Amino acid sequence: MIKKKSNDCKRAYYKKTGRSLDGSLFFNNSFPNYDDVYVRQILSELCSQGLIARISLGIYVKQ
């Protein structure tokens with residue numbers, strides 16, 4: 001169950017960033033139903049892929 005929920009969160013973030021315009025902001029707490037640590041990992045992965053950039057702790061922007 002946790003694995004499925006984690007995959008749902010990851011898909012939701014990838015979908016949200018993909019649909020968003022450049023300059024859109026994303027926050028750690030954008031998905032309060034998911035674990036903060038896991039959300040941080042997803043955002044870090046998106047940063048590594050160059051899809052978003054970290055502005056500050058818990059704040060990201062689409063490039």
# chains A, B, ... in the order shown; residues from 1 in each chain; ligands from 1
$ residues_around --residues "Leu51 of chain A" --least-positions-apart "3" --cutoff "7 Å" --atoms "only C-alpha atoms" --output "number ranges by chain"
A: 46-47, 62-63
$ select_by_dssp --residues "chain A" --states "strand (DSSP E)" --output "JSON list (two decimals) with N, CA and C atoms, in the first residue's frame"
[["chain", "number", "residue", "atom", "x", "y", "z"],
["A", 25, "LEU", "N", 6.05, 27.92, -9.40],
["A", 25, "LEU", "CA", 6.66, 27.55, -8.13],
["A", 25, "LEU", "C", 6.07, 26.25, -7.60],
["A", 26, "PHE", "N", 6.92, 25.48, -6.95],
["A", 26, "PHE", "CA", 6.51, 24.23, -6.30],
["A", 26, "PHE", "C", 7.05, 24.25, -4.88],
["A", 27, "PHE", "N", 6.27, 23.68, -3.97],
["A", 27, "PHE", "CA", 6.64, 23.69, -2.56],
["A", 27, "PHE", "C", 6.61, 22.27, -2.01],
["A", 52, "ILE", "N", 13.33, 21.27, -12.76],
["A", 52, "ILE", "CA", 13.06, 22.37, -11.84],
["A", 52, "ILE", "C", 14.38, 22.77, -11.18],
["A", 53, "ALA", "N", 14.38, 23.93, -10.55],
["A", 53, "ALA", "CA", 15.57, 24.40, -9.83],
["A", 53, "ALA", "C", 15.16, 24.77, -8.41],
["A", 54, "ARG", "N", 16.05, 24.51, -7.47],
["A", 54, "ARG", "CA", 15.77, 24.86, -6.08],
["A", 54, "ARG", "C", 16.12, 26.33, -5.85],
["A", 55, "ILE", "N", 15.16, 27.08, -5.33],
["A", 55, "ILE", "CA", 15.36, 28.49, -5.01],
["A", 55, "ILE", "C", 15.81, 28.63, -3.57],
["A", 56, "SER", "N", 15.13, 27.90, -2.70],
["A", 56, "SER", "CA", 15.37, 27.97, -1.27],
["A", 56, "SER", "C", 14.86, 26.67, -0.66],
["A", 59, "ILE", "N", 11.40, 25.33, -1.68],
["A", 59, "ILE", "CA", 10.82, 26.14, -2.75],
["A", 59, "ILE", "C", 11.58, 25.87, -4.05],
["A", 60, "TYR", "N", 10.82, 25.51, -5.08],
["A", 60, "TYR", "CA", 11.41, 25.16, -6.37],
["A", 60, "TYR", "C", 10.69, 25.91, -7.48],
["A", 61, "VAL", "N", 11.38, 26.09, -8.60],
["A", 61, "VAL", "CA", 10.79, 26.78, -9.74],
["A", 61, "VAL", "C", 11.04, 25.94, -10.99],
["A", 62, "LYS", "N", 10.05, 25.93, -11.89],
["A", 62, "LYS", "CA", 10.23, 25.24, -13.16],
["A", 62, "LYS", "C", 11.06, 26.12, -14.06]]
$ closest_residue --among "A:Asn28, A:Leu21, A:Gln41, A:Tyr14" --to "Gly58 of chain A" --atoms "only C-alpha atoms"
A:Asn28
$ residues_around --residues "Ile42 of chain A" --least-positions-apart "3" --cutoff "8 Å" --atoms "only C-alpha atoms" --output "MDAnalysis selection string"
chainID A and resid 10 13 38:39 45:46
$ write_last_selection --atoms "all heavy atoms" --output "PDB file, in the first residue's frame"
ATOM      1  N   LYS A  10       4.739  10.401  -6.787  1.00  0.00           N
ATOM      2  CA  LYS A  10       5.772  10.679  -7.791  1.00  0.00           C
ATOM      3  C   LYS A  10       5.134  11.036  -9.131  1.00  0.00           C
ATOM      4  O   LYS A  10       5.511  12.015  -9.767  1.00  0.00           O
ATOM      5  CB  LYS A  10       6.677   9.466  -7.933  1.00  0.00           C
ATOM      6  CG  LYS A  10       7.927   9.716  -8.716  1.00  0.00           C
ATOM      7  CD  LYS A  10       8.858   8.529  -8.618  1.00  0.00           C
ATOM      8  CE  LYS A  10      10.203   8.859  -9.172  1.00  0.00           C
ATOM      9  NZ  LYS A  10      11.167   7.783  -8.945  1.00  0.00           N
ATOM     10  N   TYR A  13       3.629  14.589  -9.008  1.00  0.00           N
ATOM     11  CA  TYR A  13       4.616  15.664  -9.126  1.00  0.00           C
ATOM     12  C   TYR A  13       5.146  15.778 -10.547  1.00  0.00           C
ATOM     13  O   TYR A  13       5.297  16.870 -11.076  1.00  0.00           O
ATOM     14  CB  TYR A  13       5.770  15.463  -8.138  1.00  0.00           C
ATOM     15  CG  TYR A  13       5.638  16.358  -6.939  1.00  0.00           C
ATOM     16  CD1 TYR A  13       5.093  15.896  -5.762  1.00  0.00           C
ATOM     17  CD2 TYR A  13       6.030  17.688  -6.997  1.00  0.00           C
ATOM     18  CE1 TYR A  13       4.962  16.716  -4.661  1.00  0.00           C
ATOM     19  CE2 TYR A  13       5.901  18.528  -5.909  1.00  0.00           C
ATOM     20  CZ  TYR A  13       5.365  18.034  -4.742  1.00  0.00           C
ATOM     21  OH  TYR A  13       5.227  18.855  -3.672  1.00  0.00           O
ATOM     22  N   TYR A  38       9.679  11.978   1.446  1.00  0.00           N
ATOM     23  CA  TYR A  38       9.549  11.423   0.105  1.00  0.00           C
ATOM     24  C   TYR A  38       9.332  12.524  -0.929  1.00  0.00           C
ATOM     25  O   TYR A  38       9.911  12.490  -2.014  1.00  0.00           O
ATOM     26  CB  TYR A  38       8.410  10.404   0.046  1.00  0.00           C
ATOM     27  CG  TYR A  38       8.340   9.692  -1.270  1.00  0.00           C
ATOM     28  CD1 TYR A  38       9.371   8.835  -1.663  1.00  0.00           C
ATOM     29  CD2 TYR A  38       7.296   9.880  -2.146  1.00  0.00           C
ATOM     30  CE1 TYR A  38       9.347   8.190  -2.884  1.00  0.00           C
ATOM     31  CE2 TYR A  38       7.257   9.244  -3.366  1.00  0.00           C
ATOM     32  CZ  TYR A  38       8.280   8.399  -3.731  1.00  0.00           C
ATOM     33  OH  TYR A  38       8.260   7.783  -4.945  1.00  0.00           O
ATOM     34  N   VAL A  39       8.532  13.517  -0.594  1.00  0.00           N
ATOM     35  CA  VAL A  39       8.301  14.640  -1.504  1.00  0.00           C
ATOM     36  C   VAL A  39       9.618  15.364  -1.778  1.00  0.00           C
ATOM     37  O   VAL A  39       9.920  15.709  -2.920  1.00  0.00           O
ATOM     38  CB  VAL A  39       7.241  15.605  -0.934  1.00  0.00           C
ATOM     39  CG1 VAL A  39       7.178  16.891  -1.741  1.00  0.00           C
ATOM     40  CG2 VAL A  39       5.878  14.939  -0.908  1.00  0.00           C
ATOM     41  N   GLU A  45      15.052  14.806  -7.217  1.00  0.00           N
ATOM     42  CA  GLU A  45      15.202  14.048  -8.467  1.00  0.00           C
ATOM     43  C   GLU A  45      14.856  14.926  -9.670  1.00  0.00           C
ATOM     44  O   GLU A  45      15.560  14.908 -10.688  1.00  0.00           O
ATOM     45  CB  GLU A  45      14.283  12.830  -8.413  1.00  0.00           C
ATOM     46  CG  GLU A  45      14.410  11.891  -9.577  1.00  0.00           C
ATOM     47  CD  GLU A  45      13.522  10.677  -9.407  1.00  0.00           C
ATOM     48  OE1 GLU A  45      13.581  10.030  -8.346  1.00  0.00           O
ATOM     49  OE2 GLU A  45      12.758  10.386 -10.350  1.00  0.00           O
ATOM     50  N   LEU A  46      13.786  15.698  -9.551  1.00  0.00           N
ATOM     51  CA  LEU A  46      13.401  16.608 -10.632  1.00  0.00           C
ATOM     52  C   LEU A  46      14.482  17.668 -10.864  1.00  0.00           C
ATOM     53  O   LEU A  46      14.747  18.049 -12.002  1.00  0.00           O
ATOM     54  CB  LEU A  46      12.061  17.268 -10.321  1.00  0.00           C
ATOM     55  CG  LEU A  46      10.833  16.354 -10.373  1.00  0.00           C
ATOM     56  CD1 LEU A  46       9.630  17.039  -9.747  1.00  0.00           C
ATOM     57  CD2 LEU A  46      10.538  15.945 -11.796  1.00  0.00           C
TER      58      LEU A  46
END
$ select_by_dssp --residues "chain A" --states "alpha helix (DSSP H)" --output "JSON, numbers by chain"
{"A": [2, 3, 4, 5, 6, 7, 8, 9, 10, 11, 12, 13, 14, 15, 16, 17, 18, 19, 36, 37, 38, 39, 40, 41, 42, 43, 44, 45, 46, 47, 48]}
$ closest_residue --among "A:Asp8, A:Asp22, A:Lys16, A:Leu57" --to "Arg40 of chain A" --atoms "only C-alpha atoms"
A:Leu57
$ residues_around --residues "Ala12 of chain A" --least-positions-apart "3" --cutoff "12 Å" --atoms "only C-alpha atoms" --output "list in words"
Lys5, Ser6, Asn7, Asp8, Cys9, Lys15, Lys16, Thr17, Gly18, Arg19, Ser30, Phe31, Asn33, Tyr34, Val39, Ile42 and Leu43 of chain A
